[in-house]
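File shown: final.cif. Contents: mmCIF, C-alpha atoms.
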data_data
#
loop_
_atom_site.group_PDB
_atom_site.id
_atom_site.type_symbol
_atom_site.label_atom_id
_atom_site.label_comp_id
_atom_site.auth_asym_id
_atom_site.auth_seq_id
_atom_site.Cartn_x
_atom_site.Cartn_y
_atom_site.Cartn_z
ATOM 1 C CA MET E 1 35.919 140.368 206.862
ATOM 2 C CA THR E 2 32.533 141.617 207.982
ATOM 3 C CA THR E 3 29.482 141.939 205.775
ATOM 4 C CA ARG E 4 29.774 145.745 205.836
ATOM 5 C CA ASN E 5 33.353 145.572 204.512
ATOM 6 C CA THR E 6 32.289 143.394 201.547
ATOM 7 C CA HIS E 7 29.662 145.832 200.295
ATOM 8 C CA ASN E 8 30.209 146.448 196.537
ATOM 9 C CA TRP E 9 33.474 144.446 196.676
ATOM 10 C CA VAL E 10 32.393 142.299 193.729
ATOM 11 C CA SER E 11 31.418 145.241 191.514
ATOM 12 C CA LYS E 12 34.773 146.916 192.210
ATOM 13 C CA THR E 13 36.653 143.685 191.477
ATOM 14 C CA ALA E 14 34.757 143.284 188.188
ATOM 15 C CA GLU E 15 36.369 146.492 186.936
ATOM 16 C CA LYS E 16 39.784 144.848 187.031
ATOM 17 C CA ASN E 17 41.002 142.737 184.109
ATOM 18 C CA VAL E 18 40.924 139.395 185.913
ATOM 19 C CA GLU E 19 39.167 136.134 185.177
ATOM 20 C CA ILE E 20 35.939 135.361 186.994
ATOM 21 C CA VAL E 21 37.395 132.141 188.416
ATOM 22 C CA ASP E 22 40.131 134.164 190.117
ATOM 23 C CA VAL E 23 37.545 136.611 191.485
ATOM 24 C CA LEU E 24 35.488 133.766 192.971
ATOM 25 C CA SER E 25 38.584 132.019 194.334
ATOM 26 C CA LYS E 26 39.558 135.185 196.190
ATOM 27 C CA ALA E 27 35.958 135.624 197.348
ATOM 28 C CA ASP E 28 35.995 132.071 198.687
ATOM 29 C CA THR E 29 39.117 132.879 200.719
ATOM 30 C CA LEU E 30 37.470 135.993 202.170
ATOM 31 C CA CYS E 31 34.384 133.978 203.089
ATOM 32 C CA ARG E 32 36.459 131.519 205.111
ATOM 33 C CA GLN E 33 38.008 134.447 207.026
ATOM 34 C CA CYS E 34 34.654 136.089 207.674
ATOM 35 C CA LYS E 35 32.898 135.607 211.029
ATOM 36 C CA PRO E 36 29.369 137.016 210.735
ATOM 37 C CA ALA E 37 27.172 137.267 213.788
ATOM 38 C CA SER E 38 24.515 135.274 211.938
ATOM 39 C CA PRO E 39 24.236 133.468 208.572
ATOM 40 C CA LEU E 40 21.382 135.865 207.795
ATOM 41 C CA HIS E 41 23.940 138.679 207.530
ATOM 42 C CA CYS E 42 25.454 136.858 204.526
ATOM 43 C CA VAL E 43 22.096 136.296 202.837
ATOM 44 C CA ASP E 44 20.829 139.843 203.396
ATOM 45 C CA GLY E 45 23.837 142.052 202.709
ATOM 46 C CA CYS E 46 26.947 140.260 201.424
ATOM 47 C CA ASP E 47 27.882 140.827 197.767
ATOM 48 C CA ILE E 48 30.376 137.973 197.885
ATOM 49 C CA TRP E 49 27.834 135.432 199.144
ATOM 50 C CA ARG E 50 25.318 136.596 196.540
ATOM 51 C CA THR E 51 27.803 136.369 193.648
ATOM 52 C CA LYS E 52 29.015 132.907 194.633
ATOM 53 C CA ASN E 53 25.435 131.640 194.677
ATOM 54 C CA GLU E 54 24.721 133.300 191.326
ATOM 55 C CA PHE E 55 27.418 131.176 189.715
ATOM 56 C CA VAL E 56 26.096 127.986 191.301
ATOM 57 C CA GLU E 57 22.710 128.813 189.742
ATOM 58 C CA PHE E 58 24.413 129.864 186.488
ATOM 59 C CA ASN E 59 25.359 126.230 185.921
ATOM 60 C CA LYS E 60 21.649 125.518 185.376
ATOM 61 C CA ILE E 61 21.422 128.293 182.769
ATOM 62 C CA LEU E 62 24.340 126.804 180.821
ATOM 63 C CA GLY E 63 22.658 123.415 180.949
ATOM 64 C CA ARG E 64 19.711 124.662 178.890
ATOM 65 C CA GLY E 65 21.800 124.520 175.710
ATOM 66 C CA LYS E 66 22.510 127.152 173.037
ATOM 67 C CA HIS E 67 23.437 129.697 175.706
ATOM 68 C CA MET E 68 25.875 131.579 173.450
ATOM 69 C CA HIS E 69 23.260 131.628 170.683
ATOM 70 C CA ASN E 70 20.596 133.054 173.053
ATOM 71 C CA LEU E 71 23.057 135.529 174.582
ATOM 72 C CA LEU E 72 24.036 137.016 171.198
ATOM 73 C CA ASN E 73 20.402 137.384 170.111
ATOM 74 C CA THR E 74 19.473 138.949 173.464
ATOM 75 C CA LEU E 75 22.188 141.608 173.145
ATOM 76 C CA LYS E 76 21.025 142.702 169.673
ATOM 77 C CA ASN E 77 18.122 144.609 171.245
ATOM 78 C CA SER E 78 18.982 148.278 171.931
ATOM 79 C CA ARG E 79 16.487 148.564 174.829
ATOM 80 C CA ARG E 80 17.987 145.585 176.619
ATOM 81 C CA LYS E 81 21.446 147.114 176.238
ATOM 82 C CA MET E 82 20.055 150.321 177.729
ATOM 83 C CA VAL E 83 18.645 148.341 180.676
ATOM 84 C CA ILE E 84 22.118 146.832 181.205
ATOM 85 C CA GLU E 85 23.623 150.327 181.076
ATOM 86 C CA ALA E 86 21.102 151.581 183.648
ATOM 87 C CA LEU E 87 21.722 148.675 186.034
ATOM 88 C CA SER E 88 25.485 149.208 185.766
ATOM 89 C CA GLU E 89 24.931 152.472 187.660
ATOM 90 C CA ARG E 90 22.680 151.086 190.434
ATOM 91 C CA PRO E 91 19.800 148.612 191.009
ATOM 92 C CA TYR E 92 16.420 149.667 189.610
ATOM 93 C CA GLY E 93 12.826 148.566 190.020
ATOM 94 C CA THR E 94 10.496 148.360 187.024
ATOM 95 C CA LYS E 95 9.228 151.910 187.609
ATOM 96 C CA GLY E 96 12.805 153.218 187.808
ATOM 97 C CA LEU E 97 13.713 151.504 184.522
ATOM 98 C CA GLN E 98 10.565 152.941 182.949
ATOM 99 C CA GLU E 99 11.685 156.453 183.917
ATOM 100 C CA TYR E 100 15.258 155.771 182.726
ATOM 101 C CA LEU E 101 14.043 154.595 179.306
ATOM 102 C CA LYS E 102 11.603 157.515 179.092
ATOM 103 C CA ASN E 103 14.452 159.982 179.693
ATOM 104 C CA ASN E 104 16.300 158.352 176.790
ATOM 105 C CA GLY E 105 13.346 158.639 174.406
ATOM 106 C CA TYR E 106 11.678 155.230 174.874
ATOM 107 C CA ARG E 107 8.140 154.919 176.293
ATOM 108 C CA HIS E 108 7.085 151.421 177.366
ATOM 109 C CA SER E 109 4.610 149.917 179.794
ATOM 110 C CA LYS E 110 5.893 148.174 182.922
ATOM 111 C CA SER E 111 4.785 144.760 181.607
ATOM 112 C CA THR E 112 6.685 145.321 178.335
ATOM 113 C CA ILE E 113 9.839 146.275 180.242
ATOM 114 C CA ASP E 114 9.546 143.222 182.516
ATOM 115 C CA ASN E 115 8.622 140.653 179.842
ATOM 116 C CA GLU E 116 10.396 141.891 176.708
ATOM 117 C CA TYR E 117 13.534 143.552 178.033
ATOM 118 C CA VAL E 118 14.386 142.348 181.546
ATOM 119 C CA GLU E 119 13.215 138.726 181.450
ATOM 120 C CA PRO E 120 15.551 137.708 178.540
ATOM 121 C CA LEU E 121 18.449 139.245 180.511
ATOM 122 C CA ILE E 122 17.477 137.163 183.555
ATOM 123 C CA GLU E 123 17.228 133.991 181.434
ATOM 124 C CA THR E 124 20.782 134.509 180.122
ATOM 125 C CA GLY E 125 22.199 135.164 183.615
ATOM 126 C CA LEU E 126 23.014 138.857 183.098
ATOM 127 C CA VAL E 127 20.428 140.240 185.520
ATOM 128 C CA LYS E 128 18.910 138.998 188.762
ATOM 129 C CA ARG E 129 15.808 140.075 190.652
ATOM 130 C CA ASP E 130 16.076 140.818 194.379
ATOM 131 C CA CYS E 131 12.680 141.553 195.935
ATOM 132 C CA THR E 132 11.413 144.547 193.933
ATOM 133 C CA LYS E 133 14.683 145.557 192.234
ATOM 134 C CA TYR E 134 16.890 144.260 189.434
ATOM 135 C CA HIS E 135 20.674 144.284 189.526
ATOM 136 C CA LEU E 136 23.492 143.154 187.236
ATOM 137 C CA THR E 137 25.233 139.894 188.049
ATOM 138 C CA LEU E 138 29.032 139.728 187.846
ATOM 139 C CA TYR E 139 28.544 138.098 184.424
ATOM 140 C CA GLY E 140 26.272 140.987 183.392
ATOM 141 C CA THR E 141 28.809 143.538 184.641
ATOM 142 C CA LYS E 142 31.526 141.964 182.502
ATOM 143 C CA ILE E 143 29.201 141.979 179.468
ATOM 144 C CA GLN E 144 28.399 145.654 180.060
ATOM 145 C CA GLN E 145 32.123 146.465 180.053
ATOM 146 C CA ILE E 146 32.541 144.739 176.682
ATOM 147 C CA LEU E 147 29.523 146.556 175.192
ATOM 148 C CA SER E 148 30.734 149.969 176.404
ATOM 149 C CA LYS E 149 34.269 149.258 175.169
ATOM 150 C CA TYR E 150 33.203 148.727 171.551
ATOM 151 C CA ASN E 151 30.019 150.857 171.528
ATOM 152 C CA ILE E 152 28.826 149.509 168.165
ATOM 153 C CA GLU E 153 25.292 148.827 166.960
ATOM 154 C CA ASN E 154 24.682 145.254 165.864
ATOM 155 C CA PRO E 155 22.734 145.387 162.552
ATOM 156 C CA LEU E 156 22.217 141.610 162.387
ATOM 157 C CA PRO E 157 18.756 139.966 162.674
ATOM 158 C CA PRO E 158 17.613 139.658 166.339
ATOM 159 C CA HIS E 159 16.051 136.206 165.920
ATOM 160 C CA SER E 160 18.678 134.406 163.858
ATOM 161 C CA SER E 161 20.639 131.181 164.018
ATOM 162 C CA CYS E 162 23.796 133.310 164.436
ATOM 163 C CA TYR E 163 25.307 132.160 161.141
ATOM 164 C CA GLU E 164 26.492 135.732 160.545
ATOM 165 C CA GLU E 165 28.443 135.671 163.798
ATOM 166 C CA ILE E 166 30.105 132.388 162.759
ATOM 167 C CA VAL E 167 31.265 133.906 159.453
ATOM 168 C CA LEU E 168 32.521 137.125 161.113
ATOM 169 C CA ARG E 169 34.627 135.149 163.580
ATOM 170 C CA ASN E 170 36.012 132.990 160.746
ATOM 171 C CA LEU E 171 37.048 136.110 158.816
ATOM 172 C CA LYS E 172 38.689 137.744 161.831
ATOM 173 C CA LYS E 173 42.146 136.278 161.203
ATOM 174 C CA GLU E 174 42.293 136.626 157.421
ATOM 175 C CA PRO E 175 40.152 136.910 154.262
ATOM 176 C CA LYS E 176 38.639 133.623 153.119
ATOM 177 C CA SER E 177 37.079 132.246 149.961
ATOM 178 C CA PHE E 178 33.573 130.784 149.692
ATOM 179 C CA ALA E 179 35.060 127.284 149.692
ATOM 180 C CA GLU E 180 36.956 127.965 152.928
ATOM 181 C CA LEU E 181 33.861 129.400 154.642
ATOM 182 C CA PHE E 182 31.777 126.509 153.336
ATOM 183 C CA LYS E 183 33.465 124.231 155.876
ATOM 184 C CA SER E 184 31.425 125.781 158.736
ATOM 185 C CA LEU E 185 28.008 126.233 157.039
ATOM 186 C CA THR E 186 25.880 124.622 154.343
ATOM 187 C CA GLN E 187 26.006 126.205 150.877
ATOM 188 C CA LYS E 188 22.429 127.524 151.087
ATOM 189 C CA SER E 189 22.914 129.045 154.544
ATOM 190 C CA LEU E 190 26.312 130.509 153.623
ATOM 191 C CA SER E 191 25.004 132.208 150.461
ATOM 192 C CA ARG E 192 22.199 133.910 152.402
ATOM 193 C CA THR E 193 24.533 134.822 155.264
ATOM 194 C CA LEU E 194 27.120 136.425 152.976
ATOM 195 C CA LYS E 195 24.373 138.389 151.234
ATOM 196 C CA ARG E 196 23.144 139.805 154.571
ATOM 197 C CA LEU E 197 26.682 140.672 155.686
ATOM 198 C CA LEU E 198 27.362 142.451 152.374
ATOM 199 C CA GLU E 199 24.096 144.417 152.676
ATOM 200 C CA THR E 200 24.948 145.538 156.218
ATOM 201 C CA GLU E 201 28.488 146.474 155.029
ATOM 202 C CA LEU E 202 30.193 144.259 157.596
ATOM 203 C CA ILE E 203 32.136 142.437 154.860
ATOM 204 C CA ILE E 204 33.299 143.199 151.322
ATOM 205 C CA ARG E 205 34.407 141.076 148.370
ATOM 206 C CA ASN E 206 37.754 141.610 146.718
ATOM 207 C CA SER E 207 37.373 144.068 143.863
ATOM 208 C CA THR E 208 38.420 141.737 141.063
ATOM 209 C CA SER E 209 36.522 138.754 139.707
ATOM 210 C CA GLU E 210 39.592 137.388 137.883
ATOM 211 C CA TYR E 211 40.876 134.045 139.035
ATOM 212 C CA ILE E 212 44.288 133.796 137.301
ATOM 213 C CA PHE E 213 47.011 135.645 139.195
ATOM 214 C CA TYR E 214 50.710 135.958 138.333
ATOM 215 C CA PHE E 215 53.468 135.484 140.900
ATOM 216 C CA ARG E 216 57.264 135.771 140.765
ATOM 217 C CA THR E 217 59.295 132.603 141.256
ATOM 218 C CA LYS E 218 62.309 132.407 143.560
ATOM 219 C CA LYS E 219 64.645 132.114 140.583
ATOM 220 C CA MET E 220 66.959 135.114 140.149
ATOM 221 C CA PRO E 221 67.111 136.623 136.624
ATOM 222 C CA LYS E 222 70.465 136.002 134.915
ATOM 223 C CA GLU E 223 69.936 137.746 131.569
ATOM 224 C CA PRO E 224 69.246 141.507 131.469
ATOM 225 C CA PHE E 225 65.685 142.845 131.065
ATOM 226 C CA SER E 226 64.410 145.258 128.496
ATOM 227 C CA PRO E 227 63.085 148.465 130.174
ATOM 228 C CA THR E 228 59.396 147.461 129.821
ATOM 229 C CA GLU E 229 60.096 143.832 130.726
ATOM 230 C CA LYS E 230 61.812 145.020 133.904
ATOM 231 C CA ARG E 231 58.820 147.213 134.850
ATOM 232 C CA VAL E 232 56.438 144.302 134.320
ATOM 233 C CA TYR E 233 58.586 141.940 136.408
ATOM 234 C CA GLU E 234 59.067 144.403 139.273
ATOM 235 C CA SER E 235 55.322 145.281 139.326
ATOM 236 C CA ILE E 236 54.375 141.704 140.246
ATOM 237 C CA SER E 237 53.879 141.762 144.023
ATOM 238 C CA ASP E 238 54.430 138.890 146.446
ATOM 239 C CA THR E 239 50.649 138.533 146.903
ATOM 240 C CA GLY E 240 50.108 138.101 143.162
ATOM 241 C CA ILE E 241 48.486 140.311 140.531
ATOM 242 C CA SER E 242 45.962 139.869 137.705
ATOM 243 C CA VAL E 243 46.708 140.801 134.092
ATOM 244 C CA HIS E 244 44.310 143.767 134.167
ATOM 245 C CA GLN E 245 45.850 145.132 137.365
ATOM 246 C CA LEU E 246 49.350 144.639 135.981
ATOM 247 C CA SER E 247 48.398 146.398 132.724
ATOM 248 C CA ASP E 248 47.117 149.438 134.641
ATOM 249 C CA LYS E 249 50.138 149.475 136.953
ATOM 250 C CA VAL E 250 52.741 149.336 134.160
ATOM 251 C CA GLY E 251 50.776 151.563 131.751
ATOM 252 C CA ILE E 252 50.655 149.232 128.738
ATOM 253 C CA ASN E 253 47.720 147.505 127.058
ATOM 254 C CA ILE E 254 46.532 143.974 127.821
ATOM 255 C CA ARG E 255 47.998 142.448 124.625
ATOM 256 C CA ARG E 256 51.508 143.759 125.366
ATOM 257 C CA THR E 257 51.186 142.704 129.028
ATOM 258 C CA TYR E 258 50.517 139.104 127.959
ATOM 259 C CA LYS E 259 53.476 139.337 125.545
ATOM 260 C CA TYR E 260 55.940 140.225 128.339
ATOM 261 C CA LEU E 261 54.416 137.699 130.739
ATOM 262 C CA ARG E 262 54.973 134.935 128.167
ATOM 263 C CA LYS E 263 58.643 135.942 127.930
ATOM 264 C CA LEU E 264 58.992 135.885 131.720
ATOM 265 C CA ARG E 265 57.315 132.471 131.912
ATOM 266 C CA ARG E 266 59.707 131.051 129.304
ATOM 267 C CA ARG E 267 62.564 132.260 131.509
ATOM 268 C CA ARG E 268 60.784 130.630 134.498
ATOM 269 C CA LEU E 269 60.635 133.909 136.370
ATOM 270 C CA VAL E 270 56.832 133.969 136.858
ATOM 271 C CA PHE E 271 54.093 131.383 137.345
ATOM 272 C CA THR E 272 50.289 131.441 137.485
ATOM 273 C CA ARG E 273 47.915 130.348 140.199
ATOM 274 C CA LYS E 274 44.160 130.350 140.556
ATOM 275 C CA LYS E 275 43.105 132.786 143.243
ATOM 276 C CA PRO E 276 39.364 132.656 144.041
ATOM 277 C CA ARG E 277 37.294 135.631 145.136
ATOM 278 C CA THR E 278 37.632 136.218 148.855
ATOM 279 C CA TYR E 279 35.592 137.980 151.526
ATOM 280 C CA MET E 280 37.084 140.273 154.136
ATOM 281 C CA LEU E 281 35.859 142.349 157.094
ATOM 282 C CA THR E 282 35.173 146.074 156.878
ATOM 283 C CA TYR E 283 36.089 148.433 159.760
ATOM 284 C CA ASN E 284 32.707 147.878 161.442
ATOM 285 C CA GLY E 285 32.982 144.163 160.734
ATOM 286 C CA ILE E 286 36.340 144.036 162.539
ATOM 287 C CA LYS E 287 34.897 145.863 165.570
ATOM 288 C CA LEU E 288 31.899 143.522 165.727
ATOM 289 C CA ALA E 289 34.146 140.459 165.290
ATOM 290 C CA ASP E 290 36.333 141.697 168.179
ATOM 291 C CA LEU E 291 33.217 142.145 170.340
ATOM 292 C CA LEU E 292 32.089 138.602 169.488
ATOM 293 C CA GLU E 293 35.555 137.250 170.310
ATOM 294 C CA GLU E 294 35.593 138.893 173.744
ATOM 295 C CA THR E 295 32.019 137.732 174.432
ATOM 296 C CA ALA E 296 32.995 134.147 173.575
ATOM 297 C CA LYS E 297 36.028 134.356 175.904
ATOM 298 C CA LEU E 298 33.832 135.716 178.696
ATOM 299 C CA PHE E 299 31.354 132.880 178.158
ATOM 300 C CA LEU E 300 34.162 130.341 178.525
ATOM 301 C CA ASP E 301 35.426 132.150 181.645
ATOM 302 C CA ALA E 302 31.912 132.166 183.154
ATOM 303 C CA SER E 303 31.492 128.454 182.364
ATOM 304 C CA ASN E 304 34.733 127.613 184.175
ATOM 305 C CA ALA E 305 33.686 129.811 187.113
ATOM 306 C CA SER E 306 30.319 128.080 187.310
ATOM 307 C CA LYS E 307 31.927 124.616 187.345
ATOM 308 C CA TYR E 308 34.353 125.797 190.024
ATOM 309 C CA MET E 309 31.534 127.022 192.280
ATOM 310 C CA VAL E 310 29.486 123.842 191.803
ATOM 311 C CA GLN E 311 32.521 121.748 192.786
ATOM 312 C CA ARG E 312 33.151 123.992 195.814
ATOM 313 C CA SER E 313 29.501 123.670 196.789
ATOM 314 C CA LYS E 314 29.615 119.881 196.617
ATOM 315 C CA LYS E 315 32.873 119.805 198.569
ATOM 316 C CA THR E 316 31.333 121.963 201.303
ATOM 317 C CA ASP E 317 28.321 119.667 201.505
ATOM 318 C CA THR E 318 30.608 116.612 201.755
ATOM 319 C CA ASN E 319 32.551 118.148 204.641
ATOM 320 C CA LEU E 320 29.412 118.725 206.694
ATOM 321 C CA PRO E 321 29.039 116.357 209.693
ATOM 322 C CA PRO E 322 26.381 113.630 209.337
ATOM 323 C CA PRO E 323 23.027 114.344 211.010
ATOM 324 C CA ARG E 324 22.796 113.157 214.639
ATOM 325 C CA LYS E 325 20.687 110.052 215.131
ATOM 326 C CA HIS E 326 18.158 110.296 217.925
ATOM 327 C CA LYS E 327 17.603 107.262 220.089
ATOM 328 C CA LYS E 328 14.104 105.933 220.087
ATOM 329 C CA GLN E 329 12.231 106.426 223.295
ATOM 330 C CA PRO E 330 11.306 103.133 224.943
#

Would it be possible to restate this file's structure as structure tokens?
Amino acid sequence: MTTRNTHNWVSKTAEKNVEIVDVLSKADTLCRQCKPASPLHCVDGCDIWRTKNEFVEFNKILGRGKHMHNLLNTLKNSRRKMVIEALSERPYGTKGLQEYLKNNGYRHSKSTIDNEYVEPLIETGLVKRDCTKYHLTLYGTKIQQILSKYNIENPLPPHSSCYEEIVLRNLKKEPKSFAELFKSLTQKSLSRTLKRLLETELIIRNSTSEYIFYFRTKKMPKEPFSPTEKRVYESISDTGISVHQLSDKVGINIRRTYKYLRKLRRRRLVFTRKKPRTYMLTYNGIKLADLLEETAKLFLDASNASKYMVQRSKKTDTNLPPPRKHKKQP
């Protein structure tokens, strides 16, 4: 494959739902089949060569530590996301990005764009500078696809320890109590984090503060029910119900509800269990949790791709012939 044939190959491949390791493996195969007239053709105009080298360098970025933490904080800035959106269309210089942001209602100096918006994207491996222009890396292209897929504003603090993200991902599978969430954070940090998530309406608490819930046992009733007793028994759901909820559902007062529950307990048809207050995701919380989940998967994919390219690079260096020794002139 010639250099001309590989133009934009990587960006087109990034649109497909394949792992980065597979993309680079295929790129490696194409490189071995390629016969450029000069190695400079690869350096100057080959997308495949450029992308492979990006992932060798990306290994250094991962080695700085807290990459996921820095990545999430970087993407909370709306201007940086707009820069990513602009570069997904074509490479831009600083002046071009300035015009793009201006057309979208943001006026910034060139130094602000370079230092505040582009530089953090370079540090996290999403953007790379070539001469006077910036372009998205393959990693940045994949991130842009995730951002455009969910298209949700992140209301979380831009310079945080990402405790909110930890809680959102923990709540993704099912609602959890404070005690269950406490396993991943300290009590002080968790209390503040839950407060911020409640204020931003990314999570909600269950509506009841009652802790005693009634459940039906597996025992089948042998004796007949009275009409009200039957309604009380059949109104107890599999997920449990509080006395106040049961009273409203059946349409009798609290005192009578307790009376029928005592009868059912004597017949061993119901039992009680403490059910603590739980937290659950709202609609926006679910969307943000899904975005975080896909970002984490992409990070893992990029890490594997980076390790693959470093190993390939070392293997290539090992296969090189040893340097020729020159005989000393007498």

Note to self: Please expand the PyMOL selection byres ((chain E and resi 129) around 12) into the concrete residues it hits in this file, giving the result as an NGL selection string.
What the structure shows: :E and (50 or 54 or 87 or 91-94 or 114 or 118-119 or 121-123 or 125-128 or 130-137)

Item checked: Distance query range 99-113 of chain E at most 9 Å, all atoms listed in the file, self and fewer than 6 positions along chain excluded, as a PyMOL selection string -> chain E and resi 79-80+82-83+86+119

Export, as an mmCIF file, in the coordinates of the input, the selected residues with C-alpha atoms.
data_model
loop_
_atom_site.group_PDB
_atom_site.id
_atom_site.type_symbol
_atom_site.label_atom_id
_atom_site.label_comp_id
_atom_site.auth_asym_id
_atom_site.auth_seq_id
_atom_site.Cartn_x
_atom_site.Cartn_y
_atom_site.Cartn_z
ATOM 1 C CA ARG E 79 16.487 148.564 174.829
ATOM 2 C CA ARG E 80 17.987 145.585 176.619
ATOM 3 C CA MET E 82 20.055 150.321 177.729
ATOM 4 C CA VAL E 83 18.645 148.341 180.676
ATOM 5 C CA ALA E 86 21.102 151.581 183.648
ATOM 6 C CA GLU E 119 13.215 138.726 181.450
#

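Distance-wise, CA of Leu168 in chain E and CA of Leu202 in chain E end up 8.3 Å apart.
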
Close residues, Asn253 in chain E itself excluded, 10 Å, all atoms listed in the file, min 5 positions apart in chain, as a compact mmCIF listing (two decimals) with C-alpha atoms, in the frame of the given file:
# COMPACT_ATOMS: atom_id res chain seq x y z
CA VAL E 243 46.71 140.80 134.09
CA HIS E 244 44.31 143.77 134.17
CA LEU E 246 49.35 144.64 135.98
CA SER E 247 48.40 146.40 132.72
CA ASP E 248 47.12 149.44 134.64
CA TYR E 258 50.52 139.10 127.96

Next item on the list: Name the closest residue to Lys249 in chain E among the candidates E:Arg273, E:Thr228, E:Lys263, E:Ser191; distances are taken between atoms, counting all atoms listed in the file.
Entry: E:Thr228

Margin query: What does the structure give for the distance between CA of Arg312 in chain E and CA of Gln145 in chain E, in Å to one decimal?
Written below: 27.5 Å

Got a sec to write range 111-150 of chain E of the block to a file, C-alpha atoms, as a PDB file, in the first residue's frame?
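The resulting part-v2.pdb:
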ATOM      1  CA  SER E 111      -2.724  32.270  24.034  1.00  0.00           C
ATOM      2  CA  THR E 112      -5.865  31.338  26.009  1.00  0.00           C
ATOM      3  CA  ILE E 113      -6.901  28.842  23.328  1.00  0.00           C
ATOM      4  CA  ASP E 114      -3.411  27.296  23.231  1.00  0.00           C
ATOM      5  CA  ASN E 115      -2.776  27.179  26.998  1.00  0.00           C
ATOM      6  CA  GLU E 116      -6.234  26.670  28.511  1.00  0.00           C
ATOM      7  CA  TYR E 117      -8.071  24.611  25.913  1.00  0.00           C
ATOM      8  CA  VAL E 118      -5.656  22.826  23.568  1.00  0.00           C
ATOM      9  CA  GLU E 119      -2.724  22.067  25.876  1.00  0.00           C
ATOM     10  CA  PRO E 120      -4.800  19.936  28.347  1.00  0.00           C
ATOM     11  CA  LEU E 121      -6.072  17.938  25.341  1.00  0.00           C
ATOM     12  CA  ILE E 122      -2.476  17.354  24.214  1.00  0.00           C
ATOM     13  CA  GLU E 123      -1.437  16.287  27.737  1.00  0.00           C
ATOM     14  CA  THR E 124      -4.208  13.653  27.828  1.00  0.00           C
ATOM     15  CA  GLY E 125      -3.319  12.298  24.362  1.00  0.00           C
ATOM     16  CA  LEU E 126      -6.482  13.478  22.580  1.00  0.00           C
ATOM     17  CA  VAL E 127      -4.813  16.068  20.350  1.00  0.00           C
ATOM     18  CA  LYS E 128      -1.411  16.341  18.703  1.00  0.00           C
ATOM     19  CA  ARG E 129       0.404  19.293  17.173  1.00  0.00           C
ATOM     20  CA  ASP E 130       1.907  18.940  13.690  1.00  0.00           C
ATOM     21  CA  CYS E 131       3.900  22.021  12.677  1.00  0.00           C
ATOM     22  CA  THR E 132       1.339  24.846  12.887  1.00  0.00           C
ATOM     23  CA  LYS E 133      -1.849  22.749  13.074  1.00  0.00           C
ATOM     24  CA  TYR E 134      -3.615  20.578  15.636  1.00  0.00           C
ATOM     25  CA  HIS E 135      -5.360  17.319  14.819  1.00  0.00           C
ATOM     26  CA  LEU E 136      -7.233  14.637  16.757  1.00  0.00           C
ATOM     27  CA  THR E 137      -5.396  11.430  17.567  1.00  0.00           C
ATOM     28  CA  LEU E 138      -7.188   8.103  17.091  1.00  0.00           C
ATOM     29  CA  TYR E 139      -7.817   8.170  20.860  1.00  0.00           C
ATOM     30  CA  GLY E 140      -9.280  11.681  20.536  1.00  0.00           C
ATOM     31  CA  THR E 141     -11.476  10.587  17.623  1.00  0.00           C
ATOM     32  CA  LYS E 142     -12.918   7.754  19.703  1.00  0.00           C
ATOM     33  CA  ILE E 143     -13.567  10.161  22.602  1.00  0.00           C
ATOM     34  CA  GLN E 144     -15.323  12.580  20.243  1.00  0.00           C
ATOM     35  CA  GLN E 145     -17.625   9.773  19.083  1.00  0.00           C
ATOM     36  CA  ILE E 146     -18.586   9.006  22.689  1.00  0.00           C
ATOM     37  CA  LEU E 147     -19.239  12.692  23.473  1.00  0.00           C
ATOM     38  CA  SER E 148     -21.412  13.168  20.368  1.00  0.00           C
ATOM     39  CA  LYS E 149     -23.303   9.936  21.082  1.00  0.00           C
ATOM     40  CA  TYR E 150     -24.511  11.067  24.512  1.00  0.00           C
TER      41      TYR E 150
END
